[in-house]
Amino acid sequence: MRVLIIGASKGIGLETTRQALDAGHDVRALARSATAIAVSNPSLEKMRGDALKSENVEAALVGVDVVIQTLGVGLGDLFQPVHLFSDATRVLIVAMRRQGVKRLICVTGFGAGDSRASISCLQRLPFQIVFGRAYDDKSLQEQLIKESELDWTIARPGVLTSGPRTGHYRILSEASQWRNGIISRADVAEFLVRQIGDQTYIRKTPVLIN
Ligand SMILES: NC(=O)c1ccc[n+]([C@@H]2O[C@H](COP(=O)([O-])OP(=O)(O)OC[C@H]3O[C@@H](n4cnc5c(N)ncnc54)[C@H](OP(=O)(O)O)[C@@H]3O)[C@@H](O)[C@H]2O)c1
């Protein structure tokens, strides 16, 4: 498959880039610092661009079968209003429609959308203080995706670690199962890459934890 990864230069996106290449996919890696990605592979195309600029996103979508969106904001940005997730997703949905690309796999997080109700009483206040602005915007991002005509999957990892890929993590699809936990970025990437050719979680919002 030809896969576009938006937010591919760091974290989950970089790990997803590596694992998608290992799985035999052609990867176009989009980020503002994409040219600095320290991976070289004939199946990897590094594309410097801004997820907020429709001309960059449209160009990145040409010839693509599947989009994986793994955008993130820095810690310092958490204490200001956050619009990146919803703004970039608005741009992406329009561009995917124009380019005729249907499959979107997106990372938000446990606490976004209807999973917010599953945050424990003890965690609710600190979560709101630190992550509230970002997760309000992730909730809007999820709403935009759910209202689109795309074949979407929204992955909601718990607290991220930089640990290794283990393949041992839980995929909690039902709201009654949702709870917080930890998971490595590498295991989240494994889940994302598995979705590339798999329909199991289309129109689902699984929480991912160890
Ligand atoms: N930390 C946690 O415990 C936790 C828990 C659950 C969910 N999450 C979520 O998981 C996601 C991934 O987190 P992470 O820590 O792996 O990611 P990260 O290290 O923050 O990486 C974010 C990526 O987004 C790209 N990016 C940001 N703005 C961009 C723009 N305007 N245009 C293009 N690319 C842009 C960055 O590349 P450039 O800067 O090069 O553009 C980078 O590649 C985030 O949404 C995060 O909120 C985090």
# chains A, B, ... in the order shown; residues from 1 in each chain; ligands from 1
$ residues_near_ligand --ligand "ligand 1" --cutoff "7 Å" --atoms "only C-alpha atoms and all ligand atoms" --output "NGL selection string"
:A and (6-14 or 30-34 or 49-52 or 70-74 or 84 or 107-110 or 156-161 or 185)
$ residues_around --residues "Glu58 in chain A" --least-positions-apart "4" --cutoff "9 Å" --atoms "only C-alpha atoms" --output "PyMOL selection string"
chain A and resi 53-54+62+91-92+95-96+98-99
$ write_last_selection --atoms "N, CA and C atoms" --output "JSON list (two decimals), in the first residue's frame"
[["chain", "number", "residue", "atom", "x", "y", "z"],
["A", 53, "LYS", "N", -1.56, 23.50, 5.91],
["A", 53, "LYS", "CA", -1.59, 24.14, 4.59],
["A", 53, "LYS", "C", -2.19, 23.18, 3.57],
["A", 54, "SER", "N", -3.36, 23.56, 3.04],
["A", 54, "SER", "CA", -4.05, 22.60, 2.16],
["A", 54, "SER", "C", -3.23, 22.26, 0.93],
["A", 62, "VAL", "N", -1.34, 12.76, -3.26],
["A", 62, "VAL", "CA", -1.38, 12.23, -4.63],
["A", 62, "VAL", "C", -0.86, 10.79, -4.67],
["A", 91, "VAL", "N", -8.59, 20.46, 7.15],
["A", 91, "VAL", "CA", -7.82, 20.54, 5.90],
["A", 91, "VAL", "C", -7.72, 19.15, 5.27],
["A", 92, "LEU", "N", -7.42, 18.16, 6.09],
["A", 92, "LEU", "CA", -7.20, 16.80, 5.59],
["A", 92, "LEU", "C", -8.47, 16.20, 4.98],
["A", 95, "ALA", "N", -9.14, 17.67, 1.63],
["A", 95, "ALA", "CA", -8.13, 17.23, 0.66],
["A", 95, "ALA", "C", -8.32, 15.75, 0.30],
["A", 96, "MET", "N", -8.67, 14.92, 1.26],
["A", 96, "MET", "CA", -8.90, 13.49, 0.97],
["A", 96, "MET", "C", -10.10, 13.34, 0.03],
["A", 98, "ARG", "N", -11.14, 15.51, -2.15],
["A", 98, "ARG", "CA", -10.71, 15.97, -3.50],
["A", 98, "ARG", "C", -9.85, 14.93, -4.19],
["A", 99, "GLN", "N", -9.00, 14.25, -3.43],
["A", 99, "GLN", "CA", -8.05, 13.30, -4.03],
["A", 99, "GLN", "C", -8.64, 11.88, -4.11]]
$ residues_around --residues "range 142-150 of chain A" --least-positions-apart "5" --cutoff "9 Å" --atoms "only C-alpha atoms" --output "mmCIF file with N, CA and C atoms, in the first residue's frame"
data_model
loop_
_atom_site.group_PDB
_atom_site.id
_atom_site.type_symbol
_atom_site.label_atom_id
_atom_site.label_comp_id
_atom_site.auth_asym_id
_atom_site.auth_seq_id
_atom_site.Cartn_x
_atom_site.Cartn_y
_atom_site.Cartn_z
ATOM 1 N N SER A 86 -7.871 19.937 15.246
ATOM 2 C CA SER A 86 -9.100 20.154 14.467
ATOM 3 C C SER A 86 -8.807 20.893 13.167
ATOM 4 N N THR A 89 -7.242 18.564 10.692
ATOM 5 C CA THR A 89 -8.184 17.532 10.272
ATOM 6 C C THR A 89 -9.213 18.086 9.289
ATOM 7 N N ARG A 90 -9.632 19.339 9.498
ATOM 8 C CA ARG A 90 -10.526 19.988 8.517
ATOM 9 C C ARG A 90 -9.851 20.032 7.148
ATOM 10 N N ILE A 93 -9.605 16.378 5.652
ATOM 11 C CA ILE A 93 -10.850 15.760 5.170
ATOM 12 C C ILE A 93 -11.223 16.321 3.791
ATOM 13 N N MET A 96 -8.672 14.916 1.263
ATOM 14 C CA MET A 96 -8.896 13.495 0.965
ATOM 15 C C MET A 96 -10.098 13.336 0.029
ATOM 16 N N ARG A 97 -11.131 14.128 0.276
ATOM 17 C CA ARG A 97 -12.306 14.055 -0.598
ATOM 18 C C ARG A 97 -11.901 14.426 -2.024
ATOM 19 N N VAL A 101 -9.234 9.790 -1.626
ATOM 20 C CA VAL A 101 -8.631 8.847 -0.670
ATOM 21 C C VAL A 101 -9.635 8.632 0.456
ATOM 22 N N LYS A 102 -9.929 7.364 0.792
ATOM 23 C CA LYS A 102 -11.040 7.069 1.728
ATOM 24 C C LYS A 102 -10.581 6.629 3.121
ATOM 25 N N ARG A 103 -9.381 6.034 3.219
ATOM 26 C CA ARG A 103 -9.017 5.386 4.481
ATOM 27 C C ARG A 103 -8.159 6.301 5.354
ATOM 28 N N LEU A 104 -8.644 6.578 6.572
ATOM 29 C CA LEU A 104 -7.921 7.427 7.525
ATOM 30 C C LEU A 104 -7.780 6.703 8.863
ATOM 31 N N CYS A 106 -6.246 7.482 12.577
ATOM 32 C CA CYS A 106 -5.852 8.686 13.304
ATOM 33 C C CYS A 106 -5.575 8.374 14.774
ATOM 34 N N THR A 108 -5.656 9.890 18.550
ATOM 35 C CA THR A 108 -6.048 10.983 19.456
ATOM 36 C C THR A 108 -5.510 10.633 20.853
ATOM 37 N N ALA A 112 -10.237 11.604 24.937
ATOM 38 C CA ALA A 112 -10.863 12.374 23.860
ATOM 39 C C ALA A 112 -12.280 11.865 23.618
ATOM 40 N N GLY A 113 -13.142 12.773 23.169
ATOM 41 C CA GLY A 113 -14.509 12.390 22.792
ATOM 42 C C GLY A 113 -15.234 11.697 23.932
ATOM 43 N N ASP A 137 -9.620 19.991 21.840
ATOM 44 C CA ASP A 137 -9.411 20.064 20.388
ATOM 45 C C ASP A 137 -9.376 18.668 19.762
ATOM 46 N N ARG A 203 -14.571 2.631 11.616
ATOM 47 C CA ARG A 203 -15.618 3.338 12.370
ATOM 48 C C ARG A 203 -15.632 2.944 13.847
#
$ select_by_dssp --residues "chain A" --states "helix (DSSP H, G or I)" --output "count of residues only"
90
$ closest_residue --among "A:Leu140, A:Ile37, A:Ala88, A:Ala155" --to "Val57 in chain A" --atoms "only C-alpha atoms"
A:Ala88
$ closest_residue --among "A:Ala23, A:Val82, A:Ile154, A:Leu172" --to "Asp136 in chain A" --atoms "only C-alpha atoms"
A:Val82
$ closest_residue --among "A:Gln195, A:Ile183, A:Gly100, A:His83" --to "Met1 in chain A" --atoms "only C-alpha atoms"
A:Gln195
$ select_by_dssp --residues "range 43-205 of chain A" --states "strand (DSSP E)" --output "tab-separated table (two decimals) with N, CA and C atoms, in the first residue's frame"
chain	number	residue	atom	x	y	z
A	44	LEU	N	10.82	5.07	1.05
A	44	LEU	CA	10.44	6.22	1.88
A	44	LEU	C	10.65	7.52	1.12
A	45	GLU	N	9.58	8.33	1.09
A	45	GLU	CA	9.69	9.68	0.52
A	45	GLU	C	9.45	10.68	1.65
A	46	LYS	N	10.46	11.50	1.91
A	46	LYS	CA	10.34	12.50	2.97
A	46	LYS	C	9.80	13.79	2.34
A	47	MET	N	8.69	14.27	2.86
A	47	MET	CA	8.07	15.46	2.27
A	47	MET	C	7.92	16.53	3.35
A	48	ARG	N	8.68	17.60	3.19
A	48	ARG	CA	8.57	18.69	4.15
A	48	ARG	C	7.29	19.46	3.87
A	66	VAL	N	-3.77	5.11	1.82
A	66	VAL	CA	-4.15	5.16	3.24
A	66	VAL	C	-3.42	6.34	3.89
A	67	VAL	N	-4.12	7.04	4.80
A	67	VAL	CA	-3.50	8.14	5.56
A	67	VAL	C	-3.46	7.76	7.04
A	68	ILE	N	-2.30	7.96	7.66
A	68	ILE	CA	-2.17	7.81	9.11
A	68	ILE	C	-1.79	9.18	9.67
A	69	GLN	N	-2.63	9.71	10.58
A	69	GLN	CA	-2.38	11.05	11.13
A	69	GLN	C	-1.93	10.91	12.59
A	103	ARG	N	-9.38	6.03	3.22
A	103	ARG	CA	-9.02	5.39	4.48
A	103	ARG	C	-8.16	6.30	5.35
A	104	LEU	N	-8.64	6.58	6.57
A	104	LEU	CA	-7.92	7.43	7.53
A	104	LEU	C	-7.78	6.70	8.86
A	105	ILE	N	-6.54	6.61	9.32
A	105	ILE	CA	-6.25	6.03	10.64
A	105	ILE	C	-5.62	7.17	11.46
A	106	CYS	N	-6.25	7.48	12.58
A	106	CYS	CA	-5.85	8.69	13.30
A	106	CYS	C	-5.57	8.37	14.77
A	107	VAL	N	-4.59	9.05	15.36
A	107	VAL	CA	-4.30	8.90	16.79
A	107	VAL	C	-4.84	10.12	17.53
A	151	ASP	N	-13.50	6.17	5.60
A	151	ASP	CA	-13.40	4.89	6.32
A	151	ASP	C	-12.35	5.09	7.41
A	152	TRP	N	-12.81	5.52	8.59
A	152	TRP	CA	-11.86	5.95	9.61
A	152	TRP	C	-11.71	4.95	10.75
A	153	THR	N	-10.54	5.02	11.36
A	153	THR	CA	-10.29	4.36	12.65
A	153	THR	C	-9.61	5.39	13.54
A	154	ILE	N	-10.09	5.55	14.76
A	154	ILE	CA	-9.48	6.48	15.71
A	154	ILE	C	-8.86	5.65	16.83
A	155	ALA	N	-7.53	5.72	16.96
A	155	ALA	CA	-6.83	4.98	18.03
A	155	ALA	C	-6.60	5.94	19.19
A	156	ARG	N	-6.97	5.48	20.39
A	156	ARG	CA	-6.86	6.32	21.59
A	156	ARG	C	-5.90	5.67	22.58
A	157	PRO	N	-4.58	5.92	22.43
A	157	PRO	CA	-3.66	5.32	23.39
A	157	PRO	C	-3.77	5.95	24.77
A	159	VAL	N	-1.32	6.58	28.37
A	159	VAL	CA	-0.08	7.36	28.55
A	159	VAL	C	1.05	6.70	27.76
A	160	LEU	N	1.76	7.52	26.96
A	160	LEU	CA	2.78	6.97	26.07
A	160	LEU	C	4.13	6.82	26.77
A	161	THR	N	4.84	5.74	26.43
A	161	THR	CA	6.22	5.57	26.87
A	161	THR	C	7.09	5.40	25.63
A	170	ARG	N	-3.54	-4.21	24.93
A	170	ARG	CA	-4.97	-4.50	24.79
A	170	ARG	C	-5.65	-3.47	23.90
A	171	ILE	N	-6.59	-3.96	23.11
A	171	ILE	CA	-7.36	-3.11	22.20
A	171	ILE	C	-8.78	-3.11	22.76
A	172	LEU	N	-9.14	-2.01	23.44
A	172	LEU	CA	-10.43	-1.97	24.14
A	172	LEU	C	-11.45	-1.23	23.27
A	182	ILE	N	-0.74	2.47	30.40
A	182	ILE	CA	0.40	2.94	29.61
A	182	ILE	C	0.56	2.04	28.39
A	183	ILE	N	1.24	2.59	27.40
A	183	ILE	CA	1.56	1.82	26.19
A	183	ILE	C	2.74	2.52	25.51
A	184	SER	N	3.60	1.74	24.89
A	184	SER	CA	4.74	2.36	24.19
A	184	SER	C	4.30	2.91	22.84
$ closest_residue --among "A:Arg116, A:Gly111, A:Ala186, A:Phe131" --to "Arg18 in chain A" --atoms "only C-alpha atoms"
A:Ala186
$ closest_residue --among "A:Gln141, A:Glu15, A:Leu4, A:Leu78" --to "Ile129 in chain A" --atoms "only C-alpha atoms"
A:Leu78
$ closest_residue --among "A:Pro206, A:Asn41, A:Arg2, A:Ser173" --to "Leu61 in chain A" --atoms "only C-alpha atoms"
A:Arg2
$ atom_distance --atom1 "CA of Leu75 in chain A" --atom2 "CA of Gln128 in chain A"
14.5 Å
$ residues_around --residues "Ala175 in chain A" --least-positions-apart "5" --cutoff "10 Å" --atoms "only C-alpha atoms" --output "PyMOL selection string"
chain A and resi 114-115+117-118+205-207
$ atom_distance --atom1 "CA of Val193 in chain A" --atom2 "CA of Thr17 in chain A"
8.8 Å
$ residues_around --residues "Ser43 in chain A" --least-positions-apart "3" --cutoff "9 Å" --atoms "only C-alpha atoms" --output "list in words"
Leu21, Gly24, His25, Asp26, Val27, Arg28 and Ser40 of chain A
$ decode --residues "range 133-175 of chain A" --atoms "N, CA and C atoms" --output "tab-separated table (two decimals), in the first residue's frame"
chain	number	residue	atom	x	y	z
A	133	ARG	N	-7.04	21.60	27.27
A	133	ARG	CA	-7.14	22.36	26.01
A	133	ARG	C	-6.87	21.44	24.82
A	134	ALA	N	-5.81	20.64	24.93
A	134	ALA	CA	-5.46	19.75	23.82
A	134	ALA	C	-6.58	18.73	23.58
A	135	TYR	N	-7.15	18.20	24.66
A	135	TYR	CA	-8.16	17.16	24.48
A	135	TYR	C	-9.51	17.73	24.06
A	136	ASP	N	-9.79	19.00	24.39
A	136	ASP	CA	-10.99	19.63	23.82
A	136	ASP	C	-10.84	19.66	22.30
A	137	ASP	N	-9.62	19.99	21.84
A	137	ASP	CA	-9.41	20.06	20.39
A	137	ASP	C	-9.38	18.67	19.76
A	138	LYS	N	-8.84	17.69	20.49
A	138	LYS	CA	-8.86	16.31	19.97
A	138	LYS	C	-10.31	15.81	19.88
A	139	SER	N	-11.15	16.23	20.82
A	139	SER	CA	-12.57	15.82	20.78
A	139	SER	C	-13.24	16.40	19.54
A	140	LEU	N	-12.91	17.66	19.22
A	140	LEU	CA	-13.46	18.27	18.01
A	140	LEU	C	-12.92	17.55	16.78
A	141	GLN	N	-11.64	17.21	16.82
A	141	GLN	CA	-11.03	16.45	15.72
A	141	GLN	C	-11.78	15.13	15.50
A	142	GLU	N	-12.06	14.41	16.59
A	142	GLU	CA	-12.78	13.14	16.47
A	142	GLU	C	-14.17	13.36	15.87
A	143	GLN	N	-14.84	14.42	16.32
A	143	GLN	CA	-16.20	14.70	15.80
A	143	GLN	C	-16.16	14.93	14.30
A	144	LEU	N	-15.16	15.72	13.84
A	144	LEU	CA	-15.04	15.99	12.40
A	144	LEU	C	-14.82	14.69	11.63
A	145	ILE	N	-13.98	13.84	12.16
A	145	ILE	CA	-13.70	12.57	11.48
A	145	ILE	C	-14.96	11.69	11.45
A	146	LYS	N	-15.64	11.62	12.58
A	146	LYS	CA	-16.83	10.76	12.65
A	146	LYS	C	-17.94	11.25	11.70
A	147	GLU	N	-18.00	12.58	11.52
A	147	GLU	CA	-19.04	13.14	10.64
A	147	GLU	C	-18.66	13.03	9.17
A	148	SER	N	-17.41	12.65	8.88
A	148	SER	CA	-16.96	12.57	7.48
A	148	SER	C	-17.44	11.25	6.87
A	149	GLU	N	-17.29	11.17	5.56
A	149	GLU	CA	-17.68	9.95	4.84
A	149	GLU	C	-16.50	9.00	4.70
A	150	LEU	N	-15.41	9.29	5.42
A	150	LEU	CA	-14.19	8.47	5.29
A	150	LEU	C	-14.36	7.12	5.99
A	151	ASP	N	-13.50	6.17	5.60
A	151	ASP	CA	-13.40	4.89	6.32
A	151	ASP	C	-12.35	5.09	7.41
A	152	TRP	N	-12.81	5.52	8.59
A	152	TRP	CA	-11.86	5.95	9.61
A	152	TRP	C	-11.71	4.95	10.75
A	153	THR	N	-10.54	5.02	11.36
A	153	THR	CA	-10.29	4.36	12.65
A	153	THR	C	-9.61	5.39	13.54
A	154	ILE	N	-10.09	5.55	14.76
A	154	ILE	CA	-9.48	6.48	15.71
A	154	ILE	C	-8.86	5.65	16.83
A	155	ALA	N	-7.53	5.72	16.96
A	155	ALA	CA	-6.83	4.98	18.03
A	155	ALA	C	-6.60	5.94	19.19
A	156	ARG	N	-6.97	5.48	20.39
A	156	ARG	CA	-6.86	6.32	21.59
A	156	ARG	C	-5.90	5.67	22.58
A	157	PRO	N	-4.58	5.92	22.43
A	157	PRO	CA	-3.66	5.32	23.39
A	157	PRO	C	-3.77	5.95	24.77
A	158	GLY	N	-3.39	5.17	25.79
A	158	GLY	CA	-3.23	5.72	27.14
A	158	GLY	C	-1.92	6.50	27.19
A	159	VAL	N	-1.32	6.58	28.37
A	159	VAL	CA	-0.08	7.36	28.55
A	159	VAL	C	1.05	6.70	27.76
A	160	LEU	N	1.76	7.52	26.96
A	160	LEU	CA	2.78	6.97	26.07
A	160	LEU	C	4.13	6.82	26.77
A	161	THR	N	4.84	5.74	26.43
A	161	THR	CA	6.22	5.57	26.87
A	161	THR	C	7.09	5.40	25.63
A	162	SER	N	8.39	5.49	25.84
A	162	SER	CA	9.32	5.28	24.73
A	162	SER	C	9.87	3.86	24.74
A	163	GLY	N	9.17	2.96	25.38
A	163	GLY	CA	9.61	1.56	25.48
A	163	GLY	C	9.56	0.85	24.14
A	164	PRO	N	10.02	-0.41	24.15
A	164	PRO	CA	10.10	-1.17	22.90
A	164	PRO	C	8.74	-1.66	22.41
A	165	ARG	N	8.75	-2.14	21.19
A	165	ARG	CA	7.57	-2.81	20.62
A	165	ARG	C	7.49	-4.19	21.26
A	166	THR	N	6.35	-4.49	21.88
A	166	THR	CA	6.19	-5.79	22.52
A	166	THR	C	5.14	-6.64	21.81
A	167	GLY	N	4.18	-5.99	21.18
A	167	GLY	CA	3.05	-6.71	20.60
A	167	GLY	C	2.05	-7.15	21.65
A	168	HIS	N	2.37	-6.86	22.94
A	168	HIS	CA	1.44	-7.26	24.02
A	168	HIS	C	0.73	-6.02	24.54
A	169	TYR	N	-0.43	-5.75	23.99
A	169	TYR	CA	-1.23	-4.61	24.45
A	169	TYR	C	-2.69	-4.96	24.21
A	170	ARG	N	-3.54	-4.21	24.93
A	170	ARG	CA	-4.97	-4.50	24.79
A	170	ARG	C	-5.65	-3.47	23.90
A	171	ILE	N	-6.59	-3.96	23.11
A	171	ILE	CA	-7.36	-3.11	22.20
A	171	ILE	C	-8.78	-3.11	22.76
A	172	LEU	N	-9.14	-2.01	23.44
A	172	LEU	CA	-10.43	-1.97	24.14
A	172	LEU	C	-11.45	-1.23	23.27
A	173	SER	N	-12.30	-1.98	22.61
A	173	SER	CA	-13.24	-1.39	21.65
A	173	SER	C	-14.52	-0.90	22.31
A	174	GLU	N	-14.92	-1.54	23.39
A	174	GLU	CA	-16.21	-1.23	24.01
A	174	GLU	C	-16.05	-0.19	25.11
A	175	ALA	N	-16.98	0.76	25.17
A	175	ALA	CA	-16.90	1.83	26.17
A	175	ALA	C	-16.82	1.28	27.59
